[in-house]
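Structure data follow from structure_26.txt (compact mmCIF, C-alpha atoms):
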```
# COMPACT_ATOMS: atom_id res chain seq x y z
CA MET G 1 131.43 130.48 102.88
CA LYS G 2 128.70 129.37 100.48
CA LYS G 3 127.75 125.75 100.32
CA GLY G 4 128.28 123.85 97.07
CA MET G 5 126.36 120.92 95.65
CA ILE G 6 127.54 118.02 93.58
CA LEU G 7 124.58 116.74 91.62
CA PHE G 8 124.48 113.38 89.94
CA PRO G 9 121.82 113.41 87.21
CA PRO G 10 119.62 110.51 86.13
CA GLU G 11 120.44 107.91 83.53
CA TRP G 12 123.21 106.00 85.21
CA LEU G 13 122.91 102.35 86.10
CA PRO G 14 121.43 102.35 89.62
CA ILE G 15 122.74 98.90 90.48
CA ASN G 16 126.31 100.20 90.36
CA PRO G 17 126.53 103.54 92.20
CA TYR G 18 128.85 106.14 90.80
CA SER G 19 131.66 105.97 93.36
CA SER G 20 133.63 109.07 92.41
CA MET G 21 130.95 111.40 93.81
CA PRO G 22 131.39 110.50 97.47
CA MET G 23 135.15 110.45 96.98
CA LEU G 24 135.06 113.98 95.54
CA VAL G 25 132.78 115.20 98.32
CA GLY G 26 135.13 113.68 100.89
CA GLN G 27 138.12 115.47 99.35
CA LEU G 28 136.27 118.78 99.28
CA HIS G 29 135.20 118.39 102.93
CA GLN G 30 138.76 117.54 103.90
CA ALA G 31 139.96 120.70 102.14
CA GLY G 32 137.42 122.75 104.09
CA TYR G 33 134.78 123.31 101.41
CA PRO G 34 131.18 122.83 102.55
CA VAL G 35 129.48 120.72 99.92
CA VAL G 36 126.50 118.40 99.75
CA CYS G 37 125.93 115.48 97.45
CA LYS G 38 122.60 114.79 95.72
CA ASP G 39 122.02 111.63 93.73
CA SER G 40 119.02 112.43 91.56
CA ASN G 41 119.63 109.21 89.62
CA LEU G 42 118.45 107.12 92.57
CA GLU G 43 115.60 109.54 93.21
CA PHE G 44 114.56 109.14 89.57
CA PHE G 45 114.40 105.36 89.81
CA ASP G 46 112.62 105.56 93.18
CA TYR G 47 109.99 107.76 91.53
CA VAL G 48 109.61 105.68 88.36
CA LEU G 49 109.40 102.40 90.28
CA ASP G 50 107.10 103.76 92.99
CA LYS G 51 103.97 101.58 93.13
CA ASN G 52 101.59 104.56 92.93
CA HIS G 53 103.41 106.06 89.94
CA PHE G 54 103.55 102.69 88.20
CA GLU G 55 99.83 102.12 88.75
CA ARG G 56 99.03 105.55 87.30
CA ILE G 57 101.09 104.67 84.22
CA LEU G 58 99.25 101.36 83.82
CA ASP G 59 95.84 102.96 84.46
CA GLY G 60 96.52 105.37 81.62
CA LYS G 61 96.70 102.44 79.20
CA ASP G 62 93.38 100.80 78.38
CA GLY G 63 94.49 97.22 78.10
CA ALA G 64 97.71 98.20 76.35
CA LYS G 65 96.63 97.14 72.87
CA ASP G 66 100.06 97.88 71.41
CA SER G 67 102.00 96.57 74.39
CA PRO G 68 104.11 93.43 74.09
CA PHE G 69 103.10 92.73 77.70
CA GLY G 70 99.82 90.95 78.25
CA ARG G 71 97.35 91.95 80.94
CA GLU G 72 98.45 89.03 83.13
CA ARG G 73 102.15 90.02 83.05
CA ARG G 74 101.22 93.64 83.74
CA GLU G 75 99.26 92.60 86.84
CA THR G 76 102.06 90.29 87.99
CA VAL G 77 104.63 93.08 87.68
CA LYS G 78 102.34 95.52 89.48
CA ASN G 79 101.80 93.07 92.35
CA HIS G 80 105.50 92.18 92.74
CA LEU G 81 107.18 95.51 92.03
CA GLU G 82 107.56 96.71 95.64
CA ALA G 83 109.09 93.40 96.73
CA ALA G 84 111.44 93.42 93.74
CA VAL G 85 112.69 96.93 94.53
CA GLU G 86 113.10 95.98 98.18
CA THR G 87 115.14 92.92 97.18
CA LEU G 88 117.61 95.08 95.27
CA LYS G 89 117.80 97.82 97.89
CA ARG G 90 118.22 95.91 101.11
CA GLY G 91 116.37 92.65 101.00
CA GLU G 92 117.59 89.44 102.52
CA ASN G 93 116.83 87.82 99.16
CA PHE G 94 119.49 89.87 97.35
CA TYR G 95 122.03 87.06 97.63
CA GLN G 96 119.59 84.32 96.67
CA VAL G 97 120.07 83.86 92.93
CA ASP G 98 116.49 82.92 92.07
CA CYS G 99 115.02 85.82 94.07
CA TYR G 100 117.53 88.28 92.63
CA LYS G 101 116.85 87.09 89.08
CA GLU G 102 113.08 87.38 89.56
CA ALA G 103 113.46 90.87 91.04
CA MET G 104 115.60 92.01 88.11
CA GLU G 105 113.13 90.60 85.57
CA THR G 106 110.22 92.29 87.34
CA ILE G 107 111.98 95.65 87.44
CA GLU G 108 113.15 95.41 83.83
CA ASP G 109 109.59 94.65 82.72
CA ALA G 110 108.26 97.53 84.84
CA LEU G 111 110.76 99.93 83.29
CA ALA G 112 109.85 98.70 79.81
CA MET G 113 106.16 99.26 80.59
CA VAL G 114 106.88 102.78 81.83
CA SER G 115 108.98 103.41 78.72
CA GLU G 116 105.92 102.68 76.56
CA SER G 117 104.42 105.90 77.89
CA TYR G 118 107.41 107.94 76.73
CA PRO G 119 107.94 107.34 73.01
CA GLY G 120 111.56 107.28 72.00
CA GLN G 121 112.84 106.38 75.47
CA LYS G 122 113.94 103.07 76.90
CA LEU G 123 114.50 102.85 80.63
CA SER G 124 116.58 99.94 81.85
CA LEU G 125 118.79 98.88 84.72
CA TYR G 126 121.39 97.89 82.15
CA ASP G 127 121.44 100.60 79.52
CA PHE G 128 119.64 103.64 78.17
CA SER G 129 118.83 104.11 74.56
CA ASP G 130 116.45 106.07 72.44
```

Translate the structure of the given file into structure tokens.
Amino acid sequence: MKKGMILFPPEWLPINPYSSMPMLVGQLHQAGYPVVCKDSNLEFFDYVLDKNHFERILDGKDGAKDSPFGRERRETVKNHLEAAVETLKRGENFYQVDCYKEAMETIEDALAMVSESYPGQKLSLYDFSD
């Protein structure tokens, strides 16, 4: 029997996983169908928020003349991005309101900075718009 794949594409809110996928995979397994589940939405955000990728995006902008983010905020986001992502993924600080809020603000600003490199796109943890 051939193996199937259930693929979840990007552009879903990563802070609230799409719960019907694992439920569907479980039902298919129970019925005897070999299937794997791939969440490319999480992979997308892991890639976009990767420190090396983010630095390449920022390096491609010479001072970001048209950016609403000043050089200082850009450096702050760059220096705190890994910790912010870690807080949301599995950090002990997830349940500490101030740490959570700071992590969300850092990630939202990082996504807005990345979005500047892709005209017409707006990446966000809350919504997607063009």

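For the pair CA of Leu13 (chain G) and CA of Asp127 (chain G), the separation is 7.0 Å.
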
>> Residues within 10 Å of region 46-58 of chain G, please, as a list in words. Count only C-alpha atoms; anything in the same chain fewer than 4 positions from it doesn't count.
In response: Ser40, Asn41, Leu42, Asp62, Gly63, Ala64, Arg74, Glu75, Val77, Lys78, Asn79, His80, Leu81, Glu82, Ala84, Val85, Ile107, Ala110, Leu111, Met113, Val114, Ser115, Glu116, Ser117 and Leu123 of chain G

> Which distance in Å separates CA of Phe44 (chain G) and CA of Tyr126 (chain G), to one decimal?
Replying inline: 15.1 Å

> CA of Gly60 (chain G) and CA of Arg73 (chain G), how far apart in Å?
Replying inline: 16.4 Å

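Each of G:Glu72, G:Glu11, G:Asp59, G:Glu105 was checked against Glu43 (chain G) using all atoms listed in the file; the smallest atom-to-atom distance is that of G:Glu11.
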
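With distances restricted to all atoms listed in the file, G:Leu125 is the closest residue to Leu88 (chain G) from G:Val25, G:Ala112, G:Leu125, G:Ala31.
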
Write region 104-129 of chain G as an mmCIF file, in the frame of the given file, completed to N, CA, C and O atoms.
```
data_model
loop_
_atom_site.group_PDB
_atom_site.id
_atom_site.type_symbol
_atom_site.label_atom_id
_atom_site.label_comp_id
_atom_site.auth_asym_id
_atom_site.auth_seq_id
_atom_site.Cartn_x
_atom_site.Cartn_y
_atom_site.Cartn_z
ATOM 1 N N MET G 104 115.064 91.287 89.270
ATOM 2 C CA MET G 104 115.600 92.010 88.110
ATOM 3 C C MET G 104 114.652 91.925 86.919
ATOM 4 O O MET G 104 114.424 92.923 86.232
ATOM 5 N N GLU G 105 114.078 90.757 86.679
ATOM 6 C CA GLU G 105 113.130 90.600 85.570
ATOM 7 C C GLU G 105 111.886 91.460 85.790
ATOM 8 O O GLU G 105 111.390 92.100 84.856
ATOM 9 N N THR G 106 111.397 91.483 87.020
ATOM 10 C CA THR G 106 110.220 92.290 87.340
ATOM 11 C C THR G 106 110.499 93.769 87.113
ATOM 12 O O THR G 106 109.705 94.487 86.489
ATOM 13 N N ILE G 107 111.644 94.229 87.589
ATOM 14 C CA ILE G 107 111.980 95.650 87.440
ATOM 15 C C ILE G 107 112.244 96.002 85.989
ATOM 16 O O ILE G 107 111.796 97.055 85.513
ATOM 17 N N GLU G 108 112.923 95.147 85.257
ATOM 18 C CA GLU G 108 113.150 95.410 83.830
ATOM 19 C C GLU G 108 111.832 95.500 83.076
ATOM 20 O O GLU G 108 111.653 96.380 82.238
ATOM 21 N N ASP G 109 110.901 94.597 83.378
ATOM 22 C CA ASP G 109 109.590 94.650 82.720
ATOM 23 C C ASP G 109 108.843 95.921 83.122
ATOM 24 O O ASP G 109 108.215 96.571 82.283
ATOM 25 N N ALA G 110 108.924 96.293 84.390
ATOM 26 C CA ALA G 110 108.260 97.530 84.840
ATOM 27 C C ALA G 110 108.829 98.746 84.113
ATOM 28 O O ALA G 110 108.078 99.613 83.653
ATOM 29 N N LEU G 111 110.138 98.801 83.994
ATOM 30 C CA LEU G 111 110.760 99.930 83.290
ATOM 31 C C LEU G 111 110.377 99.936 81.810
ATOM 32 O O LEU G 111 110.155 101.006 81.231
ATOM 33 N N ALA G 112 110.278 98.765 81.207
ATOM 34 C CA ALA G 112 109.850 98.700 79.810
ATOM 35 C C ALA G 112 108.404 99.167 79.668
ATOM 36 O O ALA G 112 108.066 99.875 78.712
ATOM 37 N N MET G 113 107.556 98.822 80.624
ATOM 38 C CA MET G 113 106.160 99.260 80.590
ATOM 39 C C MET G 113 106.060 100.775 80.753
ATOM 40 O O MET G 113 105.270 101.434 80.087
ATOM 41 N N VAL G 114 106.859 101.325 81.652
ATOM 42 C CA VAL G 114 106.880 102.780 81.830
ATOM 43 C C VAL G 114 107.393 103.439 80.559
ATOM 44 O O VAL G 114 106.860 104.463 80.118
ATOM 45 N N SER G 115 108.400 102.850 79.941
ATOM 46 C CA SER G 115 108.980 103.410 78.720
ATOM 47 C C SER G 115 107.948 103.526 77.598
ATOM 48 O O SER G 115 108.041 104.415 76.758
ATOM 49 N N GLU G 116 106.967 102.623 77.581
ATOM 50 C CA GLU G 116 105.920 102.680 76.560
ATOM 51 C C GLU G 116 105.156 103.998 76.595
ATOM 52 O O GLU G 116 104.611 104.424 75.590
ATOM 53 N N SER G 117 105.136 104.628 77.752
ATOM 54 C CA SER G 117 104.420 105.900 77.890
ATOM 55 C C SER G 117 105.245 107.093 77.429
ATOM 56 O O SER G 117 104.745 108.213 77.372
ATOM 57 N N TYR G 118 106.511 106.864 77.152
ATOM 58 C CA TYR G 118 107.410 107.940 76.730
ATOM 59 C C TYR G 118 108.083 107.533 75.420
ATOM 60 O O TYR G 118 109.187 106.989 75.423
ATOM 61 N N PRO G 119 107.401 107.771 74.303
ATOM 62 C CA PRO G 119 107.940 107.340 73.010
ATOM 63 C C PRO G 119 109.370 107.834 72.785
ATOM 64 O O PRO G 119 109.714 108.968 73.098
ATOM 65 N N GLY G 120 110.175 106.932 72.283
ATOM 66 C CA GLY G 120 111.560 107.280 72.000
ATOM 67 C C GLY G 120 112.511 107.038 73.158
ATOM 68 O O GLY G 120 113.711 107.220 73.018
ATOM 69 N N GLN G 121 111.992 106.626 74.311
ATOM 70 C CA GLN G 121 112.840 106.380 75.470
ATOM 71 C C GLN G 121 112.781 104.918 75.874
ATOM 72 O O GLN G 121 111.745 104.276 75.749
ATOM 73 N N LYS G 122 113.892 104.430 76.363
ATOM 74 C CA LYS G 122 113.940 103.070 76.900
ATOM 75 C C LYS G 122 114.657 103.133 78.238
ATOM 76 O O LYS G 122 115.844 103.415 78.297
ATOM 77 N N LEU G 123 113.915 102.887 79.300
ATOM 78 C CA LEU G 123 114.500 102.850 80.630
ATOM 79 C C LEU G 123 114.912 101.414 80.931
ATOM 80 O O LEU G 123 114.191 100.477 80.624
ATOM 81 N N SER G 124 116.073 101.263 81.543
ATOM 82 C CA SER G 124 116.580 99.940 81.850
ATOM 83 C C SER G 124 117.582 100.031 82.993
ATOM 84 O O SER G 124 118.206 101.078 83.193
ATOM 85 N N LEU G 125 117.749 98.949 83.705
ATOM 86 C CA LEU G 125 118.790 98.880 84.720
ATOM 87 C C LEU G 125 120.153 98.653 84.080
ATOM 88 O O LEU G 125 121.180 98.795 84.711
ATOM 89 N N TYR G 126 120.159 98.263 82.829
ATOM 90 C CA TYR G 126 121.390 97.890 82.150
ATOM 91 C C TYR G 126 121.906 98.932 81.181
ATOM 92 O O TYR G 126 123.091 99.087 81.016
ATOM 93 N N ASP G 127 121.001 99.607 80.493
ATOM 94 C CA ASP G 127 121.440 100.600 79.520
ATOM 95 C C ASP G 127 120.296 101.567 79.222
ATOM 96 O O ASP G 127 119.155 101.308 79.565
ATOM 97 N N PHE G 128 120.637 102.657 78.580
ATOM 98 C CA PHE G 128 119.640 103.640 78.170
ATOM 99 C C PHE G 128 119.828 103.860 76.680
ATOM 100 O O PHE G 128 120.937 104.006 76.193
ATOM 101 N N SER G 129 118.740 103.846 75.991
ATOM 102 C CA SER G 129 118.830 104.110 74.560
ATOM 103 C C SER G 129 117.565 104.822 74.118
ATOM 104 O O SER G 129 116.567 104.861 74.820
#
```
